[in-house]
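Visitor: work_12.cif is reproduced below (mmCIF, C-alpha atoms).
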data_my_file
#
loop_
_atom_site.label_atom_id
_atom_site.label_comp_id
_atom_site.auth_asym_id
_atom_site.auth_seq_id
_atom_site.Cartn_x
_atom_site.Cartn_y
_atom_site.Cartn_z
CA MET O 1 -20.65 -41.01 -25.58
CA ALA O 2 -17.00 -40.00 -25.58
CA LYS O 3 -14.72 -40.60 -22.62
CA ILE O 4 -14.19 -36.92 -21.98
CA GLN O 5 -17.93 -36.39 -21.84
CA ILE O 6 -18.32 -38.94 -19.09
CA ILE O 7 -15.45 -37.41 -17.10
CA VAL O 8 -16.92 -33.92 -17.41
CA ILE O 9 -20.40 -35.07 -16.45
CA CYS O 10 -19.06 -36.92 -13.40
CA THR O 11 -16.99 -33.92 -12.30
CA ASN O 12 -20.04 -31.81 -12.78
CA LEU O 13 -22.17 -33.99 -10.58
CA ILE O 14 -19.55 -33.98 -7.81
CA PHE O 15 -19.31 -30.19 -8.07
CA LEU O 16 -23.09 -29.90 -7.89
CA ALA O 17 -23.24 -32.16 -4.85
CA PHE O 18 -20.52 -30.14 -3.17
CA ILE O 19 -22.39 -26.86 -3.73
CA ALA O 20 -25.61 -28.42 -2.50
CA ARG O 21 -23.82 -29.53 0.64
CA LEU O 22 -22.45 -26.05 1.24
CA ILE O 23 -25.91 -24.54 0.88
CA ILE O 24 -27.48 -27.14 3.17
CA LYS O 25 -24.87 -26.52 5.82
CA ALA O 26 -25.50 -22.78 5.40
CA LYS O 27 -21.86 -22.16 4.55
CA LEU O 28 -22.71 -20.49 1.27
CA ARG O 29 -25.31 -17.78 0.94
CA GLU O 30 -27.91 -18.48 -1.71
CA GLU O 31 -27.11 -15.32 -3.63
CA TYR O 32 -23.62 -16.68 -4.33
CA ALA O 33 -24.88 -20.20 -4.79
CA ILE O 34 -27.02 -19.09 -7.74
CA VAL O 35 -23.93 -18.15 -9.73
CA TRP O 36 -22.25 -21.48 -9.02
CA LEU O 37 -25.38 -23.46 -9.82
CA LEU O 38 -25.73 -21.60 -13.12
CA ILE O 39 -22.17 -22.48 -14.04
CA THR O 40 -22.73 -26.14 -13.31
CA VAL O 41 -25.84 -26.12 -15.43
CA LEU O 42 -23.91 -24.48 -18.25
CA LEU O 43 -21.11 -27.03 -18.02
CA ALA O 44 -23.59 -29.89 -17.97
CA LEU O 45 -25.40 -28.50 -20.99
CA PHE O 46 -22.27 -28.38 -23.12
CA SER O 47 -21.03 -31.75 -21.99
CA PHE O 48 -24.25 -33.38 -23.21
CA TRP O 49 -24.65 -31.25 -26.30
CA ARG O 50 -21.21 -31.53 -27.93
CA LYS O 51 -22.04 -29.57 -31.05
CA GLY O 52 -23.39 -26.75 -28.90
CA LEU O 53 -20.03 -25.08 -28.46
CA ASP O 54 -19.49 -24.88 -32.22
CA VAL O 55 -22.95 -23.49 -32.72
CA VAL O 56 -22.57 -20.80 -30.06
CA SER O 57 -19.06 -19.88 -31.23
CA LYS O 58 -20.32 -19.38 -34.76
CA LEU O 59 -23.18 -17.33 -33.44
CA PHE O 60 -20.67 -14.92 -31.87
CA GLY O 61 -18.38 -15.09 -34.89
CA VAL O 62 -15.48 -16.80 -33.11
CA TYR O 63 -13.37 -19.21 -35.19
CA GLU O 64 -12.19 -21.59 -32.49
CA PRO O 65 -14.70 -22.79 -29.90
CA ALA O 66 -11.80 -23.06 -27.40
CA ASN O 67 -11.06 -19.35 -27.77
CA PHE O 68 -14.68 -18.59 -27.20
CA VAL O 69 -14.69 -20.61 -23.98
CA PHE O 70 -11.54 -18.93 -22.67
CA THR O 71 -12.68 -15.42 -23.53
CA GLY O 72 -16.10 -16.00 -22.06
CA PHE O 73 -14.83 -17.48 -18.85
CA ILE O 74 -12.08 -14.93 -18.28
CA PHE O 75 -14.59 -12.15 -18.74
CA PHE O 76 -16.98 -13.82 -16.36
CA ILE O 77 -14.26 -14.40 -13.75
CA LEU O 78 -13.18 -10.74 -13.93
CA ILE O 79 -16.72 -9.54 -13.37
CA TYR O 80 -17.20 -11.95 -10.53
CA LEU O 81 -13.92 -10.84 -8.90
CA LEU O 82 -15.07 -7.26 -9.09
CA HIS O 83 -18.30 -8.27 -7.43
CA LEU O 84 -16.34 -9.99 -4.65
CA SER O 85 -14.20 -6.88 -4.17
CA ILE O 86 -17.34 -4.82 -3.76
CA VAL O 87 -18.72 -7.27 -1.22
CA ASN O 88 -15.39 -7.25 0.58
CA SER O 89 -15.25 -3.46 0.76
CA LYS O 90 -18.75 -3.37 2.13
CA LEU O 91 -17.87 -5.94 4.77
CA GLN O 92 -14.79 -4.01 5.79
CA LYS O 93 -16.82 -0.85 6.19
CA SER O 94 -19.33 -2.66 8.36
CA ILE O 95 -16.61 -4.21 10.50
CA THR O 96 -14.98 -0.82 11.03
CA LYS O 97 -18.27 0.67 12.14
CA LEU O 98 -19.09 -2.24 14.44
CA THR O 99 -15.62 -2.19 15.99
CA GLN O 100 -15.85 1.53 16.68
CA GLU O 101 -19.29 1.35 18.18
CA LEU O 102 -18.30 -1.63 20.31
CA ALA O 103 -15.20 0.11 21.63
CA LEU O 104 -17.15 3.28 22.43
CA LEU O 105 -19.89 1.30 24.16
CA LYS O 106 -17.37 -0.62 26.24
CA GLU O 107 -15.76 2.64 27.29
CA GLN O 108 -19.13 4.04 28.26
CA LEU O 109 -19.90 0.92 30.27
CA LYS O 110 -16.59 1.24 32.08
CA GLU O 111 -17.38 4.84 32.99
CA THR O 112 -20.87 3.95 34.19
CA ASN O 113 -19.54 1.16 36.37
CA LYS O 114 -16.91 3.45 37.81
CA SER O 115 -19.43 6.12 38.75
CA LYS O 116 -21.69 3.45 40.27
CA ILE O 117 -18.91 2.30 42.59
CA ASN O 118 -18.07 5.84 43.68
CA MET E 1 -17.67 29.52 28.70
CA ALA E 2 -14.83 27.05 28.79
CA THR E 3 -13.94 25.18 25.64
CA GLN E 4 -14.02 21.40 25.91
CA LEU E 5 -10.92 20.01 24.25
CA LEU E 6 -10.31 16.36 23.48
CA ILE E 7 -6.80 15.16 22.72
CA ILE E 8 -6.95 12.00 20.63
CA ILE E 9 -3.91 9.74 20.71
CA PRO E 10 -4.20 6.71 18.45
CA CYS E 11 -1.79 4.01 19.60
CA PHE E 12 -0.59 0.80 18.08
CA ASN E 13 2.17 -0.85 20.12
CA GLU E 14 3.43 2.38 21.66
CA GLU E 15 4.35 1.15 25.15
CA ASP E 16 7.84 2.66 24.79
CA SER E 17 6.69 6.20 24.24
CA ILE E 18 3.22 6.45 25.76
CA VAL E 19 4.40 6.99 29.37
CA SER E 20 6.51 10.05 28.65
CA LEU E 21 3.83 11.43 26.34
CA LEU E 22 1.07 11.09 28.94
CA ASN E 23 3.34 12.53 31.63
CA GLU E 24 4.08 15.52 29.45
CA LEU E 25 0.39 15.97 28.76
CA ASN E 26 -0.30 15.97 32.50
CA GLN E 27 2.22 18.71 33.10
CA MET E 28 1.16 20.76 30.10
CA VAL E 29 -0.09 24.28 30.73
CA VAL E 30 -2.85 25.59 28.50
CA PRO E 31 -4.99 28.72 28.72
CA ASN E 32 -7.59 28.20 31.44
CA THR E 33 -10.43 28.67 28.99
CA PHE E 34 -9.78 25.10 27.90
CA ILE E 35 -10.85 21.96 29.73
CA ILE E 36 -8.75 19.09 28.51
CA THR E 37 -9.62 15.41 28.24
CA VAL E 38 -7.16 12.92 26.82
CA ALA E 39 -8.40 9.88 24.92
CA VAL E 40 -6.02 7.06 24.08
CA ILE E 41 -7.34 4.92 21.26
CA ASN E 42 -5.65 1.56 21.53
CA ASP E 43 -5.83 0.04 18.08
CA CYS E 44 -5.69 -3.58 19.23
CA SER E 45 -2.02 -3.39 20.29
CA ASN E 46 -0.35 -6.63 21.22
CA ASP E 47 1.80 -5.04 23.90
CA ASN E 48 0.97 -3.29 27.18
CA THR E 49 -0.16 0.02 25.71
CA SER E 50 -3.65 -0.33 27.16
CA VAL E 51 -2.51 -1.42 30.66
CA ILE E 52 -0.03 1.45 30.87
CA ALA E 53 -2.53 4.02 29.63
CA GLU E 54 -5.15 2.84 32.16
CA LYS E 55 -2.82 3.94 34.99
CA PHE E 56 -3.20 7.55 33.93
CA SER E 57 -6.36 9.55 34.32
CA VAL E 58 -7.21 9.35 30.64
CA VAL E 59 -10.02 7.85 28.64
CA VAL E 60 -8.84 4.57 27.14
CA ILE E 61 -10.80 3.17 24.22
CA ASN E 62 -9.75 -0.33 23.23
CA LEU E 63 -10.62 -1.38 19.70
CA PRO E 64 -11.29 -5.12 19.62
CA VAL E 65 -10.08 -5.35 16.02
CA ASN E 66 -7.14 -3.53 14.45
CA LEU E 67 -8.59 -0.81 12.23
CA GLY E 68 -5.51 1.11 11.18
CA ILE E 69 -4.77 4.75 11.84
CA GLY E 70 -7.82 6.17 10.04
CA GLY E 71 -10.32 3.93 11.79
CA ALA E 72 -8.72 4.59 15.18
CA MET E 73 -8.75 8.31 14.56
CA GLN E 74 -12.38 8.24 13.54
CA THR E 75 -13.23 6.43 16.77
CA GLY E 76 -11.75 9.40 18.60
CA TYR E 77 -13.83 11.81 16.56
CA LYS E 78 -16.95 9.77 17.24
CA TYR E 79 -16.17 9.96 20.94
CA ALA E 80 -15.64 13.70 20.65
CA TRP E 81 -18.91 14.14 18.77
CA GLU E 82 -21.00 12.01 21.13
CA ASN E 83 -19.58 13.67 24.24
CA ASN E 84 -20.05 17.19 22.91
CA PHE E 85 -16.47 18.32 22.72
CA ASP E 86 -15.94 21.67 21.01
CA VAL E 87 -12.47 20.95 19.70
CA ALA E 88 -10.43 17.82 19.09
CA VAL E 89 -6.70 17.60 18.59
CA GLN E 90 -5.08 14.52 17.15
CA MET E 91 -1.59 13.70 18.23
CA ASP E 92 0.66 10.77 17.38
CA GLY E 93 1.36 8.24 20.11
CA ASP E 94 5.03 7.95 19.27
CA GLY E 95 6.13 11.25 20.78
CA GLN E 96 6.67 13.11 17.50
CA HIS E 97 4.31 15.84 18.56
CA PRO E 98 5.46 17.50 21.78
CA PRO E 99 2.45 18.50 23.91
CA ALA E 100 4.11 21.86 24.56
CA GLU E 101 3.44 22.69 20.90
CA LEU E 102 -0.29 22.29 21.41
CA ASN E 103 -0.62 25.90 22.49
CA LYS E 104 0.45 27.00 19.04
CA LEU E 105 -2.47 25.13 17.50
CA LEU E 106 -4.86 26.55 20.07
CA GLN E 107 -3.51 30.03 19.49
CA CYS E 108 -3.92 29.71 15.73
CA TRP E 109 -7.44 28.39 16.16
CA HIS E 110 -8.28 31.25 18.52
CA ASN E 111 -6.93 33.84 16.08
CA THR E 112 -8.34 32.48 12.84
CA GLN E 113 -11.37 30.45 13.98
CA ALA E 114 -10.42 28.00 11.24
CA ASN E 115 -12.25 24.68 11.11
CA VAL E 116 -9.04 22.74 10.78
CA VAL E 117 -5.62 23.77 12.06
CA ILE E 118 -2.58 21.77 10.96
CA GLY E 119 0.73 21.85 12.79
CA SER E 120 3.47 22.15 10.20
CA ARG E 121 7.16 21.30 10.33
CA PHE E 122 8.01 23.31 7.27
CA LEU E 123 6.61 26.80 7.73
CA VAL E 124 9.57 27.57 9.97
CA ASN E 125 12.21 24.95 9.39
CA GLN E 126 12.92 24.00 12.97
CA GLY E 127 13.04 20.68 14.77
CA PHE E 128 12.81 17.28 13.16
CA GLN E 129 12.52 17.61 9.39
CA SER E 130 12.26 14.00 8.21
CA SER E 131 14.49 12.40 5.57
CA LEU E 132 15.17 13.89 2.15
CA LEU E 133 13.09 11.28 0.35
CA ARG E 134 10.14 11.96 2.59
CA ARG E 135 10.47 15.69 2.17
CA TRP E 136 10.28 15.18 -1.58
CA GLY E 137 7.16 13.13 -1.09
CA ILE E 138 5.67 15.81 1.10
CA SER E 139 6.42 18.58 -1.38
CA TYR E 140 4.76 16.46 -4.05
CA PHE E 141 1.65 16.30 -1.87
CA HIS E 142 1.86 20.05 -1.36
CA TRP E 143 1.75 20.45 -5.13
CA LEU E 144 -1.06 17.91 -5.52
CA ASN E 145 -3.10 19.53 -2.78
CA LYS E 146 -2.68 22.90 -4.35
CA PHE E 147 -3.81 21.46 -7.66
CA PHE E 148 -6.93 19.89 -6.17
CA THR E 149 -7.96 22.46 -3.60
CA GLY E 150 -6.10 25.64 -4.51
CA ILE E 151 -4.78 26.11 -1.00
CA HIS E 152 -1.20 25.84 0.20
CA ILE E 153 -0.66 23.15 2.80
CA TYR E 154 3.06 22.65 3.23
CA ASP E 155 2.89 19.72 5.62
CA SER E 156 -0.08 17.74 4.41
CA THR E 157 1.12 14.51 5.99
CA SER E 158 1.26 16.05 9.44
CA GLY E 159 -0.88 14.17 11.94
CA PHE E 160 -0.81 17.04 14.44
CA ARG E 161 -4.17 18.67 13.84
CA LEU E 162 -6.98 20.50 15.49
CA PHE E 163 -10.60 20.01 14.40
CA ASP E 164 -13.50 22.18 15.45
CA ARG E 165 -17.00 20.83 15.86
CA LYS E 166 -17.90 21.23 12.22
CA ALA E 167 -14.82 19.29 11.11
CA ILE E 168 -15.47 16.63 13.76
CA GLU E 169 -18.96 16.14 12.40
CA LEU E 170 -17.57 15.55 8.90
CA ALA E 171 -14.86 13.21 10.18
CA VAL E 172 -17.50 11.14 11.94
CA GLN E 173 -19.33 10.68 8.66
CA TYR E 174 -16.30 9.92 6.54
CA TYR E 175 -12.65 9.44 7.34
CA PRO E 176 -10.19 7.55 5.13
CA ASP E 177 -8.95 4.21 6.50
CA GLU E 178 -5.35 4.17 5.51
CA TYR E 179 -2.99 7.14 5.41
CA PRO E 180 -5.80 9.64 6.01
CA GLU E 181 -3.85 12.88 6.37
CA PRO E 182 -3.39 14.24 2.83
CA GLU E 183 -6.70 12.90 1.57
CA SER E 184 -8.69 14.41 4.40
CA ILE E 185 -7.40 17.86 3.44
CA VAL E 186 -8.98 17.52 0.00
CA PHE E 187 -12.15 16.24 1.59
CA PHE E 188 -12.37 19.07 4.13
CA ALA E 189 -11.52 21.74 1.59
CA LYS E 190 -14.21 20.45 -0.75
CA SER E 191 -16.73 20.54 2.08
CA GLY E 192 -16.01 24.24 2.44
CA LEU E 193 -14.08 24.11 5.70
CA SER E 194 -11.33 26.64 6.29
CA ILE E 195 -7.91 25.09 6.84
CA HIS E 196 -4.98 26.89 8.44
CA GLU E 197 -1.41 25.83 9.01
CA THR E 198 0.73 26.94 11.90
CA PRO E 199 4.43 26.25 12.51
CA VAL E 200 5.26 23.69 15.18
CA ILE E 201 8.45 21.92 16.17
CA MET E 202 8.35 18.15 15.91
CA LYS E 203 10.67 15.56 17.35
CA GLU E 204 11.91 12.33 15.93
CA ARG E 205 9.79 9.41 17.00
CA GLN E 206 10.67 8.16 20.48
CA GLY E 207 9.89 4.51 19.90
CA GLY E 208 8.09 2.15 17.57
CA LYS E 209 8.49 2.21 13.83
CA SER E 210 6.88 4.27 11.13
CA SER E 211 4.07 2.44 9.39
CA ILE E 212 5.46 3.68 6.09
CA ARG E 213 8.78 2.06 5.28
CA HIS E 214 10.67 0.66 2.29
CA PHE E 215 8.43 -0.38 -0.54
CA TYR E 216 5.42 1.03 1.27
CA GLN E 217 6.64 4.55 0.62
CA LEU E 218 5.93 4.10 -3.06
CA TYR E 219 2.63 2.42 -2.29
CA TYR E 220 1.81 5.30 0.03
CA ILE E 221 2.40 7.91 -2.67
CA ILE E 222 0.37 6.04 -5.28
CA LYS E 223 -2.47 5.14 -2.96
CA VAL E 224 -2.76 8.63 -1.50
CA SER E 225 -2.63 10.26 -4.94
CA ILE E 226 -5.48 8.07 -6.13
CA ALA E 227 -7.44 8.65 -2.94
CA MET E 228 -6.97 12.41 -3.27
CA PHE E 229 -8.10 12.34 -6.86
CA PHE E 230 -11.27 10.44 -6.04
CA SER E 231 -11.95 12.64 -3.05
CA PHE E 232 -11.63 15.55 -5.46
CA ILE E 233 -14.15 14.27 -8.02
CA ARG E 234 -16.56 12.87 -5.45
CA LYS E 235 -19.62 15.01 -4.94
#
For the file at hand, write its structure as structure tokens.

Guide:
Amino acid sequence: MAKIQIIVICTNLIFLAFIARLIIKAKLREEYAIVWLLITVLLALFSFWRKGLDVVSKLFGVYEPANFVFTGFIFFILIYLLHLSIVNSKLQKSITKLTQELALLKEQLKETNKSKIN
Amino acid sequence: MATQLLIIIPCFNEEDSIVSLLNELNQMVVPNTFIITVAVINDCSNDNTSVIAEKFSVVVINLPVNLGIGGAMQTGYKYAWENNFDVAVQMDGDGQHPPAELNKLLQCWHNTQANVVIGSRFLVNQGFQSSLLRRWGISYFHWLNKFFTGIHIYDSTSGFRLFDRKAIELAVQYYPDEYPEPESIVFFAKSGLSIHETPVIMKERQGGKSSIRHFYQLYYIIKVSIAMFFSFIRK
């Protein structure tokens, strides 16, 4: 086994442990965790199966396996960023609504208390 | 029957100008068919805006999180909707919109029964006219609005507006977050509301700073153009 393989596999295991920890501590929702777990699995697969990258690159008709990796990952990252933007927009919308309702409720409470005193 | 009118004043750090504005509103004379309530929406200011406003007999709504002008405005419309107001007028907290000019909006609404009445600086060129660069921007929005909606709104960035109950209902459902003024015109026009403009005289802001300065002016134009376009193609 080559040196680089061992480094990658070790990094992978640490990454996996870190994600597991985040899930256990409920700091990462499972729906996001799935993506990260899949990536770790993918990384692990190619670090064990060294020829794999060549095989897959050829399958897609890409000359250099490195180019294939970069293209694939950049595309994936873009899609994932878009997904995060969508989630973010949704969150912002919810926060706006909650803030408004809270402010209106507080105002109503203030009025009710005032009329109770009078 | 008397018309219930809500004046919505969104405020973010306006302690310098809010006192004179609220005093002016107290002294304002309107036709006696209107019953006026003033609502100050404090958009999580970090000065004494809320404390000062509480001293007046106005409704003060304190947002726990800063939402920006659109979100604050929408809070006012939600309040108006839930408390069965017939008409709502939005007015800037910085003193640009003199309360005395309110009658012109009410008059226009009375005459035309439009769903939305916009107070315009440019129909009769009196009072504060803004800088040259901004006037260019505004005439660009006039052109863009005409392109999208086919109606002439000369002062589409004006935040001095009157909404009737139908417009309030729409604003409760959807109101843009940031820089809502020009975009909301497209939105209202597409929803089939009638929009009228009436000349008013504005003043230069009494305190605070415009939220749209320097580099943000360019951002404003680009962002609003995109927002208007998407409002236009949205069903």

Visitor: Using all atoms listed in the file, pick whichever of O:Leu105, O:Lys116, O:Phe75, O:Arg21 has the shortest atom-to-atom distance to chain E.

Guide: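 Closest to chain E, using all atoms listed in the file: O:Leu105.
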
Visitor: Excluding Pro31 in chain E and its own-chain neighbours fewer than 4 positions away, which residues fall within 12 Å of it when counting all atoms listed in the file? Please give them as a ChimeraX atom specification.

Guide: /E:2-5,35-36,102-104,106-107,110

Visitor: Save out the residues we just selected, C-alpha atoms, as an mmCIF file, in the coordinates of the input.

Guide:
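Final file, again06.cif:
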data_model
loop_
_atom_site.group_PDB
_atom_site.id
_atom_site.type_symbol
_atom_site.label_atom_id
_atom_site.label_comp_id
_atom_site.auth_asym_id
_atom_site.auth_seq_id
_atom_site.Cartn_x
_atom_site.Cartn_y
_atom_site.Cartn_z
ATOM 1 C CA ALA E 2 -14.830 27.050 28.790
ATOM 2 C CA THR E 3 -13.940 25.180 25.640
ATOM 3 C CA GLN E 4 -14.020 21.400 25.910
ATOM 4 C CA LEU E 5 -10.920 20.010 24.250
ATOM 5 C CA ILE E 35 -10.850 21.960 29.730
ATOM 6 C CA ILE E 36 -8.750 19.090 28.510
ATOM 7 C CA LEU E 102 -0.290 22.290 21.410
ATOM 8 C CA ASN E 103 -0.620 25.900 22.490
ATOM 9 C CA LYS E 104 0.450 27.000 19.040
ATOM 10 C CA LEU E 106 -4.860 26.550 20.070
ATOM 11 C CA GLN E 107 -3.510 30.030 19.490
ATOM 12 C CA HIS E 110 -8.280 31.250 18.520
#

Visitor: Point out the residue among E:Ala100, E:Val117, E:Val87, E:Ala72 with the least atom-to-atom distance to Pro180 in chain E, counting only C-alpha atoms.

Guide: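 Once distances to Pro180 in chain E are computed over only C-alpha atoms, the minimum belongs to E:Ala72.
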
Visitor: In Å to one decimal, how far is CA of Val38 in chain E from CA of Asn23 in chain E?

Guide: 11.6 Å

Visitor: Using Å and a single decimal, report how far CA of Gln92 in chain O sits from CA of Phe76 in chain O.

Guide: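 CA of Phe76 in chain O sits 24.3 Å away from CA of Gln92 in chain O.
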
Visitor: Tell me which protein, DNA and RNA residues are within 10 Å of Asp47 in chain E, counting only C-alpha atoms, leaving out same-chain ones fewer than 3 positions away, and put them as a ChimeraX atom specification.

Guide: /E:12-16,44,50-52

Visitor: When the cut-off is 8 Å and we count all atoms listed in the file, which residues of chain O are near chain E, given as a PDB file with C-alpha atoms, in the coordinates of the input?

Guide:
ATOM      1  CA  THR O  96     -14.980  -0.820  11.030  1.00  0.00           C
ATOM      2  CA  THR O  99     -15.620  -2.190  15.990  1.00  0.00           C
ATOM      3  CA  GLN O 100     -15.850   1.530  16.680  1.00  0.00           C
ATOM      4  CA  LEU O 102     -18.300  -1.630  20.310  1.00  0.00           C
ATOM      5  CA  ALA O 103     -15.200   0.110  21.630  1.00  0.00           C
ATOM      6  CA  LEU O 104     -17.150   3.280  22.430  1.00  0.00           C
ATOM      7  CA  LYS O 106     -17.370  -0.620  26.240  1.00  0.00           C
ATOM      8  CA  GLU O 107     -15.760   2.640  27.290  1.00  0.00           C
TER       9      GLU O 107
END

Visitor: CA of Cys11 in chain E to CA of Asp43 in chain E: how many Å, to one decimal?

Guide: 5.9 Å

Visitor: The PyMOL selection byres ((chain E and resi 95) around 10) on the file shown: which residues, as a ChimeraX atom specification?

Guide: /E:14,16-22,24,91-94,96-99,202-208

Visitor: Find the residues around Ser191 in chain E up to 12 Å (only C-alpha atoms counted), leave out those fewer than 6 positions away in its own chain, and share them as a PyMOL selection string.

Guide: chain E and resi 115-116+149+166-167+169-171+174+184-185+231-232+234-235

Visitor: Would you put the residues from that selection into a file with C-alpha atoms, as a PDB file, in the coordinates of the input?

Guide:
ATOM      1  CA  ASN E 115     -12.250  24.680  11.110  1.00  0.00           C
ATOM      2  CA  VAL E 116      -9.040  22.740  10.780  1.00  0.00           C
ATOM      3  CA  THR E 149      -7.960  22.460  -3.600  1.00  0.00           C
ATOM      4  CA  LYS E 166     -17.900  21.230  12.220  1.00  0.00           C
ATOM      5  CA  ALA E 167     -14.820  19.290  11.110  1.00  0.00           C
ATOM      6  CA  GLU E 169     -18.960  16.140  12.400  1.00  0.00           C
ATOM      7  CA  LEU E 170     -17.570  15.550   8.900  1.00  0.00           C
ATOM      8  CA  ALA E 171     -14.860  13.210  10.180  1.00  0.00           C
ATOM      9  CA  TYR E 174     -16.300   9.920   6.540  1.00  0.00           C
ATOM     10  CA  SER E 184      -8.690  14.410   4.400  1.00  0.00           C
ATOM     11  CA  ILE E 185      -7.400  17.860   3.440  1.00  0.00           C
ATOM     12  CA  SER E 231     -11.950  12.640  -3.050  1.00  0.00           C
ATOM     13  CA  PHE E 232     -11.630  15.550  -5.460  1.00  0.00           C
ATOM     14  CA  ARG E 234     -16.560  12.870  -5.450  1.00  0.00           C
ATOM     15  CA  LYS E 235     -19.620  15.010  -4.940  1.00  0.00           C
TER      16      LYS E 235
END

Visitor: Name the residues in contact with Phe68 in chain O at a cut-off of 12 Å, using only C-alpha atoms, excluding same-chain residues fewer than 6 positions from it; report them as a ChimeraX atom specification.

Guide: /O:53-62,74-75

Visitor: Residues at most 12 Å from Ile151 in chain E, counting all atoms listed in the file, excluding those fewer than 6 positions away in the same chain, as a list of chain:residue names?

Guide: E:Phe141, E:His142, E:Trp143, E:Leu144, E:Asn145, E:Ile185, E:Val186, E:Phe188, E:Ala189, E:Lys190, E:Gly192, E:Leu193, E:Ser194, E:Ile195, E:His196, E:Glu197

Visitor: I need the residue nearest Val40 in chain E from this list: E:Asn83, E:Ser57, E:Thr112, E:Thr198. Use all atoms listed in the file for the distance.

Guide: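 Counting all atoms listed in the file, the residue closest to Val40 in chain E is E:Ser57.
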
Visitor: Have a look at O:Val8, O:Met1, O:Ile86, O:Leu13 and name the one nearest to Ser47 in chain O; count only C-alpha atoms.

Guide: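 Among the listed residues, O:Val8 lies closest to Ser47 in chain O.
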
Visitor: To test your reading of the syntax: which residues would the PyMOL selection byres ((chain O and resi 12) around 10) return for the file shown? Reply as a PyMOL selection string.

Guide: chain O and resi 6-11+13-18+39-44+47

Visitor: Pull the neighbourhood of (6.5, 18.8, -2.3) for me: all residues within 12 Å in file coordinates, counting all atoms listed in the file, as a list in words.

Guide: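 Output: Phe122, Leu132, Leu133, Arg134, Arg135, Trp136, Gly137, Ile138, Ser139, Tyr140, Phe141, His142, Trp143, Leu144, Asn145, Lys146, Phe147, His152, Ile153, Tyr154, Asp155, Ser156, Thr157 and Ile221 of chain E.
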